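work-v3.txt (compact mmCIF, C-alpha atoms) appears below.
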# COMPACT_ATOMS: atom_id res chain seq x y z
CA ASP A 1 104.95 109.84 113.75
CA GLY A 2 103.33 106.53 112.93
CA GLY A 3 104.16 104.97 109.63
CA ILE A 4 105.99 102.46 107.52
CA THR A 5 109.64 102.90 106.68
CA GLN A 6 111.64 101.11 104.03
CA SER A 7 115.36 101.18 103.48
CA PRO A 8 117.33 101.75 101.49
CA LYS A 9 115.48 103.98 99.03
CA TYR A 10 117.76 102.89 96.19
CA LEU A 11 119.75 99.68 96.03
CA PHE A 12 122.15 98.40 93.43
CA ARG A 13 123.07 94.76 93.26
CA LYS A 14 125.52 92.80 91.22
CA GLU A 15 124.32 89.61 89.62
CA GLY A 16 124.71 86.64 91.93
CA GLN A 17 124.36 88.65 95.13
CA ASN A 18 121.67 88.36 97.75
CA VAL A 19 120.29 91.61 99.10
CA THR A 20 117.90 92.34 101.96
CA LEU A 21 115.28 95.09 101.92
CA SER A 22 114.15 96.45 105.23
CA CYS A 23 110.55 97.20 106.21
CA GLU A 24 109.54 98.53 109.64
CA GLN A 25 106.17 99.75 110.90
CA ASN A 26 105.12 101.39 114.15
CA LEU A 27 101.39 101.27 113.46
CA ASN A 28 100.89 98.15 115.57
CA HIS A 29 99.55 96.39 112.49
CA ASP A 30 99.35 92.62 112.53
CA ALA A 31 99.59 91.98 108.79
CA MET A 32 102.46 92.91 106.52
CA TYR A 33 103.00 92.43 102.81
CA TRP A 34 105.64 92.69 100.10
CA TYR A 35 104.77 93.69 96.55
CA ARG A 36 106.77 94.14 93.41
CA GLN A 37 105.90 96.74 90.79
CA ASP A 38 107.34 96.82 87.29
CA PRO A 39 106.88 99.77 84.89
CA GLY A 40 103.30 99.96 83.64
CA GLN A 41 102.30 97.02 85.77
CA GLY A 42 100.07 96.57 88.76
CA LEU A 43 101.27 95.36 92.12
CA ARG A 44 102.21 91.70 92.37
CA LEU A 45 102.25 90.03 95.77
CA ILE A 46 105.50 88.35 96.81
CA TYR A 47 104.91 87.32 100.43
CA TYR A 48 102.57 88.22 103.24
CA SER A 49 102.42 87.66 106.97
CA GLN A 50 99.38 87.80 109.21
CA ILE A 51 101.14 87.22 112.52
CA VAL A 52 104.63 86.96 113.93
CA ASN A 53 106.56 83.84 112.96
CA ASP A 54 104.13 83.03 110.16
CA PHE A 55 104.17 84.01 106.50
CA GLN A 56 102.70 82.81 103.22
CA LYS A 57 103.85 82.85 99.62
CA GLY A 58 102.14 85.21 97.25
CA ASP A 59 101.87 84.99 93.49
CA ILE A 60 105.57 85.47 92.70
CA ALA A 61 107.55 84.13 95.69
CA GLU A 62 110.23 82.28 93.72
CA GLY A 63 113.66 83.77 94.31
CA TYR A 64 112.57 85.67 97.43
CA SER A 65 112.56 84.92 101.15
CA VAL A 66 111.17 86.67 104.21
CA SER A 67 111.12 86.45 107.99
CA ARG A 68 108.74 87.82 110.62
CA GLU A 69 110.51 87.57 113.95
CA LYS A 70 109.01 90.79 115.27
CA LYS A 71 105.60 92.36 114.74
CA GLU A 72 107.21 95.59 113.56
CA SER A 73 109.61 94.12 111.01
CA PHE A 74 109.22 92.15 107.77
CA PRO A 75 112.50 92.07 105.80
CA LEU A 76 112.62 90.74 102.26
CA THR A 77 115.69 89.01 100.83
CA VAL A 78 116.10 88.97 97.08
CA THR A 79 118.25 85.96 96.32
CA SER A 80 120.46 85.24 93.34
CA ALA A 81 117.80 82.78 92.20
CA GLN A 82 115.49 85.66 91.26
CA LYS A 83 116.01 85.94 87.52
CA ASN A 84 114.89 89.52 86.98
CA PRO A 85 114.97 91.40 90.27
CA THR A 86 115.15 94.95 88.94
CA ALA A 87 111.89 96.53 90.14
CA PHE A 88 110.22 98.83 92.65
CA TYR A 89 109.55 96.97 95.90
CA LEU A 90 106.73 98.06 98.16
CA CYS A 91 106.04 96.99 101.72
CA ALA A 92 102.55 97.42 103.14
CA SER A 93 100.75 96.74 106.39
CA SER A 94 97.16 96.49 107.55
CA PRO A 95 95.64 96.33 111.04
CA GLN A 96 94.46 92.74 111.14
CA GLY A 97 94.48 91.35 107.65
CA LEU A 98 91.05 89.91 108.21
CA GLY A 99 89.18 91.65 105.40
CA GLY A 100 86.14 93.78 105.98
CA THR A 101 87.13 97.33 106.70
CA ASP A 102 90.85 96.55 106.74
CA THR A 103 92.94 98.75 104.46
CA GLN A 104 96.56 98.51 103.38
CA TYR A 105 99.04 101.31 103.86
CA PHE A 106 102.27 101.44 101.92
CA GLY A 107 105.82 102.36 102.74
CA PRO A 108 107.83 104.67 100.45
CA GLY A 109 109.37 101.78 98.49
CA THR A 110 112.84 100.55 97.54
CA ARG A 111 114.04 100.72 93.97
CA LEU A 112 116.35 97.80 93.25
CA THR A 113 118.59 97.78 90.20
CA VAL A 114 120.74 94.85 89.15
CA LEU A 115 123.95 95.89 87.47
CA GLN B 1 91.65 83.95 88.07
CA LYS B 2 90.49 87.09 89.79
CA GLU B 3 90.94 90.06 87.49
CA VAL B 4 90.71 93.77 87.94
CA GLU B 5 90.67 95.79 84.74
CA GLN B 6 91.48 99.43 84.25
CA ASN B 7 92.03 101.46 81.13
CA SER B 8 95.73 102.36 81.21
CA GLY B 9 95.07 105.79 79.68
CA PRO B 10 96.37 108.37 79.75
CA LEU B 11 93.14 110.14 80.54
CA SER B 12 93.63 113.82 79.82
CA VAL B 13 91.24 116.41 81.28
CA PRO B 14 91.41 120.20 81.55
CA GLU B 15 91.84 121.86 84.90
CA GLY B 16 88.50 122.30 86.66
CA ALA B 17 86.81 119.42 84.83
CA ILE B 18 85.50 116.16 86.27
CA ALA B 19 87.81 113.19 85.80
CA SER B 20 86.09 109.81 85.68
CA LEU B 21 88.16 106.68 86.31
CA ASN B 22 86.66 103.24 85.91
CA CYS B 23 87.48 99.77 87.15
CA THR B 24 85.78 96.44 86.44
CA TYR B 25 86.30 93.21 88.30
CA SER B 26 85.52 89.58 87.63
CA ASP B 27 85.08 88.07 91.09
CA ARG B 28 81.44 88.32 92.19
CA GLY B 29 82.53 87.54 95.75
CA SER B 30 84.36 90.87 95.97
CA GLN B 31 83.25 92.98 98.89
CA SER B 32 85.86 95.67 99.49
CA PHE B 33 87.03 98.21 96.95
CA PHE B 34 89.88 100.68 97.19
CA TRP B 35 91.28 103.55 95.19
CA TYR B 36 94.94 104.49 95.51
CA ARG B 37 96.80 107.40 93.96
CA GLN B 38 100.41 106.88 92.91
CA TYR B 39 102.64 109.72 91.82
CA SER B 40 105.54 108.85 89.55
CA GLY B 41 108.33 107.21 91.52
CA LYS B 42 106.31 107.17 94.74
CA SER B 43 104.31 104.57 96.63
CA PRO B 44 100.51 104.22 96.44
CA GLU B 45 98.47 106.41 98.75
CA LEU B 46 94.97 105.39 99.81
CA ILE B 47 92.31 107.83 98.62
CA MET B 48 89.06 106.06 99.34
CA PHE B 49 87.46 102.75 100.09
CA ILE B 50 83.88 101.65 99.52
CA TYR B 51 81.96 98.56 100.56
CA SER B 52 78.32 99.28 99.78
CA ASN B 53 76.53 99.91 96.51
CA GLY B 54 76.05 103.55 95.70
CA ASP B 55 78.16 106.64 96.10
CA LYS B 56 80.63 107.66 98.75
CA GLU B 57 81.93 111.22 98.77
CA ASP B 58 85.06 112.63 100.37
CA GLY B 59 85.88 116.19 99.41
CA ARG B 60 86.45 116.36 95.67
CA PHE B 61 86.44 112.58 95.36
CA THR B 62 83.42 110.35 94.86
CA ALA B 63 83.60 106.57 94.65
CA GLN B 64 80.72 104.77 92.96
CA LEU B 65 80.09 101.06 93.35
CA ASN B 66 77.74 98.88 91.33
CA LYS B 67 78.11 95.26 92.38
CA ALA B 68 75.49 93.99 89.97
CA SER B 69 77.47 95.36 87.02
CA GLN B 70 80.80 94.65 88.73
CA TYR B 71 82.34 98.05 88.39
CA VAL B 72 83.66 100.72 90.67
CA SER B 73 84.52 104.22 89.59
CA LEU B 74 86.26 107.27 90.99
CA LEU B 75 85.15 110.79 90.12
CA ILE B 76 87.43 113.72 90.78
CA ARG B 77 85.64 117.04 90.69
CA ASP B 78 87.38 120.34 89.97
CA SER B 79 90.47 118.48 88.77
CA GLN B 80 93.80 120.12 89.52
CA PRO B 81 97.22 119.61 87.92
CA SER B 82 98.31 118.12 91.26
CA ASP B 83 95.83 115.31 90.64
CA SER B 84 97.98 114.11 87.76
CA ALA B 85 99.04 110.62 88.81
CA THR B 86 98.28 106.96 88.27
CA TYR B 87 95.15 105.72 90.02
CA LEU B 88 95.10 102.11 91.15
CA CYS B 89 91.93 100.19 91.79
CA ALA B 90 92.11 97.32 94.31
CA VAL B 91 89.43 94.73 94.99
CA ARG B 92 89.21 92.25 97.82
CA ARG B 93 87.06 89.19 98.15
CA GLY B 94 84.97 88.72 101.27
CA GLY B 95 86.85 86.64 103.85
CA SER B 96 90.20 87.36 102.23
CA TYR B 97 92.69 89.99 103.19
CA ILE B 98 94.69 90.01 99.98
CA PRO B 99 93.46 92.56 97.45
CA THR B 100 93.91 92.25 93.72
CA PHE B 101 95.23 95.37 92.06
CA GLY B 102 94.52 96.69 88.62
CA ARG B 103 97.36 98.08 86.50
CA GLY B 104 96.22 101.63 87.05
CA THR B 105 94.96 104.53 84.95
CA SER B 106 97.24 107.45 84.23
CA LEU B 107 95.48 110.80 84.68
CA ILE B 108 96.84 114.05 83.27
CA VAL B 109 95.19 117.31 84.27
CA HIS B 110 96.38 120.11 82.01
CA PRO B 111 96.11 123.82 82.87

Would you mind writing the structure in this file as structure tokens?
Amino acid sequence: DGGITQSPKYLFRKEGQNVTLSCEQNLNHDAMYWYRQDPGQGLRLIYYSQIVNDFQKGDIAEGYSVSREKKESFPLTVTSAQKNPTAFYLCASSPQGLGGTDTQYFGPGTRLTVL
Amino acid sequence: QKEVEQNSGPLSVPEGAIASLNCTYSDRGSQSFFWYRQYSGKSPELIMFIYSNGDKEDGRFTAQLNKASQYVSLLIRDSQPSDSATYLCAVRRGGSYIPTFGRGTSLIVHP
């Protein structure tokens, strides 16, 4: 089955801790994205990557970091510098990221709660 | 600032009726338009995309695009309770691969 997987589904973090959210895709997509969704809000872009070993900041990158060492994987680290990390985190991918007919497909999401 | 506006709702329709969801956008350079459905606690699921002015039909869903008036709409015919969800509109500028999402419209289909 082709798709995007995210783990864990639920994650609890104590204040001051860094946590890493996993995102893996076997769709052979070049582009990958991380979004954050808060209740009643749209999706806000954290980071995106068009190719391996390259990534760009989105609208709300502060307090987050990413890596793209493999085409299939795009992990997101939520650092202690992120002031309000409790949210629903969504990973997405698209074939080329070059616009036109490209569409994004989403993983199932990780719900992060800071205790 | 590129903006995508949606009425947050909830939009309540009876089962079997047509649900009409609307989305307006500010960037005249927008060329790609997407509708996603998101059930509570789940991730968005792509329903339709449209690039050209006019209507595009897929089963019970019809997307309508009017670039001159800068709006895109989604019609759901024969609405079912299982259609109850939040519908997200996403718009992407030509030459870009980052869409801008609206906040979504909550749809409730009651029996």

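Minimum atom-to-atom distance to Thr110 (chain A), evaluated using all atoms listed in the file, belongs to A:Ser22 out of A:Gln17, A:Ser22, A:Gln82, A:Ser94.
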
task = When you get a sec, could you note down which chain A residues fall within 10 Å of chain B, using all atoms listed in the file, as an NGL selection string?
result = :A and (31 or 33 or 37 or 39-45 or 48 or 50 or 58 or 88-92 or 94 or 96-111)

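Among the candidates B:Ile47, B:Leu107, B:Ala17, B:Cys23, the residue lying nearest to Gln70 (chain B) is B:Cys23 (atoms considered: all atoms listed in the file).
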
task = Just give me the gap between CA of Val19 (chain A) and CA of Gly3 (chain A) in Å, one decimal is fine.
result = 23.4 Å

message = What does the structure give for the distance between CA of Val114 (chain A) and CA of Val66 (chain A), in Å to one decimal?
response =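 So the two atoms, CA of Val114 (chain A) and CA of Val66 (chain A), lie 19.6 Å apart.
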
key: Cut-off 12 Å around (115.1, 95.5, 98.6) with only C-alpha atoms: residues as a PyMOL selection string   = chain A and resi 6-13+18-23+34-36+64-66+74-79+85-91+108-114

request  = Report the distance between CA of Gln64 (chain B) and CA of Ser82 (chain B) in Å, rounded to one decimal place.
outcome  =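 Between CA of Gln64 (chain B) and CA of Ser82 (chain B) the gap is 22.1 Å.
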
ask   = Neighbours of Val13 (chain B) within 10 Å (all atoms listed in the file; same-chain residues fewer than 5 positions away dropped), as a list in words?
value =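 In the requested form, the answer reads Ile18, Ala19, Ser20, Ser79, Gln80, Pro81, Ser84, Leu107, Ile108, Val109, His110 and Pro111 of chain B.
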
inquiry  = From the options A:Glu15, A:Glu72, A:Asp38, A:Asp30, which residue's atoms come nearest to Pro95 (chain A), counting all atoms listed in the file?
reply    = A:Asp30

Final all heavy atoms of region 73-84 of chain B as a tab-separated table (two decimals), in the frame of the given file:
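Final output, out27.tsv:
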chain	number	residue	atom	x	y	z
B	73	SER	N	83.93	103.07	90.26
B	73	SER	CA	84.52	104.22	89.59
B	73	SER	C	84.93	105.26	90.62
B	73	SER	O	84.47	105.26	91.76
B	73	SER	CB	83.55	104.81	88.57
B	73	SER	OG	82.37	105.24	89.21
B	74	LEU	N	85.80	106.15	90.17
B	74	LEU	CA	86.26	107.27	90.99
B	74	LEU	C	86.07	108.54	90.19
B	74	LEU	O	86.59	108.64	89.06
B	74	LEU	CB	87.73	107.10	91.37
B	74	LEU	CG	88.33	108.23	92.22
B	74	LEU	CD1	87.74	108.20	93.63
B	74	LEU	CD2	89.85	108.11	92.29
B	75	LEU	N	85.33	109.49	90.75
B	75	LEU	CA	85.15	110.79	90.12
B	75	LEU	C	85.97	111.81	90.90
B	75	LEU	O	85.94	111.82	92.14
B	75	LEU	CB	83.68	111.20	90.14
B	75	LEU	CG	82.69	110.25	89.45
B	75	LEU	CD1	81.27	110.80	89.57
B	75	LEU	CD2	83.06	110.07	87.99
B	76	ILE	N	86.68	112.63	90.17
B	76	ILE	CA	87.43	113.72	90.78
B	76	ILE	C	86.86	115.02	90.24
B	76	ILE	O	86.99	115.32	89.04
B	76	ILE	CB	88.93	113.63	90.46
B	76	ILE	CG1	89.48	112.24	90.84
B	76	ILE	CG2	89.71	114.72	91.20
B	76	ILE	CD1	90.94	112.02	90.44
B	77	ARG	N	86.22	115.76	91.10
B	77	ARG	CA	85.64	117.04	90.69
B	77	ARG	C	86.67	118.14	90.76
B	77	ARG	O	87.64	118.06	91.53
B	77	ARG	CB	84.45	117.40	91.59
B	77	ARG	CG	83.24	116.52	91.40
B	77	ARG	CD	82.08	117.00	92.31
B	77	ARG	NE	82.46	116.94	93.71
B	77	ARG	CZ	82.47	115.84	94.42
B	77	ARG	NH1	82.12	114.68	93.87
B	77	ARG	NH2	82.81	115.86	95.69
B	78	ASP	N	86.47	119.19	89.96
B	78	ASP	CA	87.38	120.34	89.97
B	78	ASP	C	88.84	119.85	89.92
B	78	ASP	O	89.67	120.17	90.77
B	78	ASP	CB	87.15	121.19	91.23
B	78	ASP	CG	87.92	122.49	91.21
B	78	ASP	OD1	88.26	122.97	90.11
B	78	ASP	OD2	88.22	123.02	92.30
B	79	SER	N	89.14	119.08	88.90
B	79	SER	CA	90.47	118.48	88.77
B	79	SER	C	91.57	119.54	88.76
B	79	SER	O	91.41	120.61	88.14
B	79	SER	CB	90.56	117.65	87.48
B	79	SER	OG	89.69	116.56	87.53
B	80	GLN	N	92.66	119.23	89.43
B	80	GLN	CA	93.80	120.12	89.52
B	80	GLN	C	95.04	119.45	88.92
B	80	GLN	O	95.14	118.22	88.92
B	80	GLN	CB	94.08	120.47	90.98
B	80	GLN	CG	92.92	121.14	91.70
B	80	GLN	CD	92.58	122.48	91.08
B	80	GLN	OE1	93.46	123.31	90.86
B	80	GLN	NE2	91.30	122.69	90.76
B	81	PRO	N	96.00	120.23	88.44
B	81	PRO	CA	97.22	119.61	87.92
B	81	PRO	C	97.89	118.68	88.92
B	81	PRO	O	98.52	117.69	88.54
B	81	PRO	CB	98.09	120.82	87.59
B	81	PRO	CG	97.12	121.90	87.24
B	81	PRO	CD	95.95	121.68	88.18
B	82	SER	N	97.72	118.98	90.21
B	82	SER	CA	98.31	118.12	91.26
B	82	SER	C	97.63	116.76	91.35
B	82	SER	O	98.13	115.86	92.04
B	82	SER	CB	98.24	118.82	92.62
B	82	SER	OG	96.90	119.11	92.95
B	83	ASP	N	96.49	116.61	90.69
B	83	ASP	CA	95.83	115.31	90.64
B	83	ASP	C	96.45	114.39	89.59
B	83	ASP	O	96.10	113.20	89.51
B	83	ASP	CB	94.33	115.46	90.33
B	83	ASP	CG	93.56	116.18	91.43
B	83	ASP	OD1	93.90	115.99	92.61
B	83	ASP	OD2	92.63	116.94	91.10
B	84	SER	N	97.34	114.92	88.79
B	84	SER	CA	97.98	114.11	87.76
B	84	SER	C	98.81	113.01	88.41
B	84	SER	O	99.75	113.28	89.16
B	84	SER	CB	98.89	115.00	86.89
B	84	SER	OG	98.13	115.98	86.22
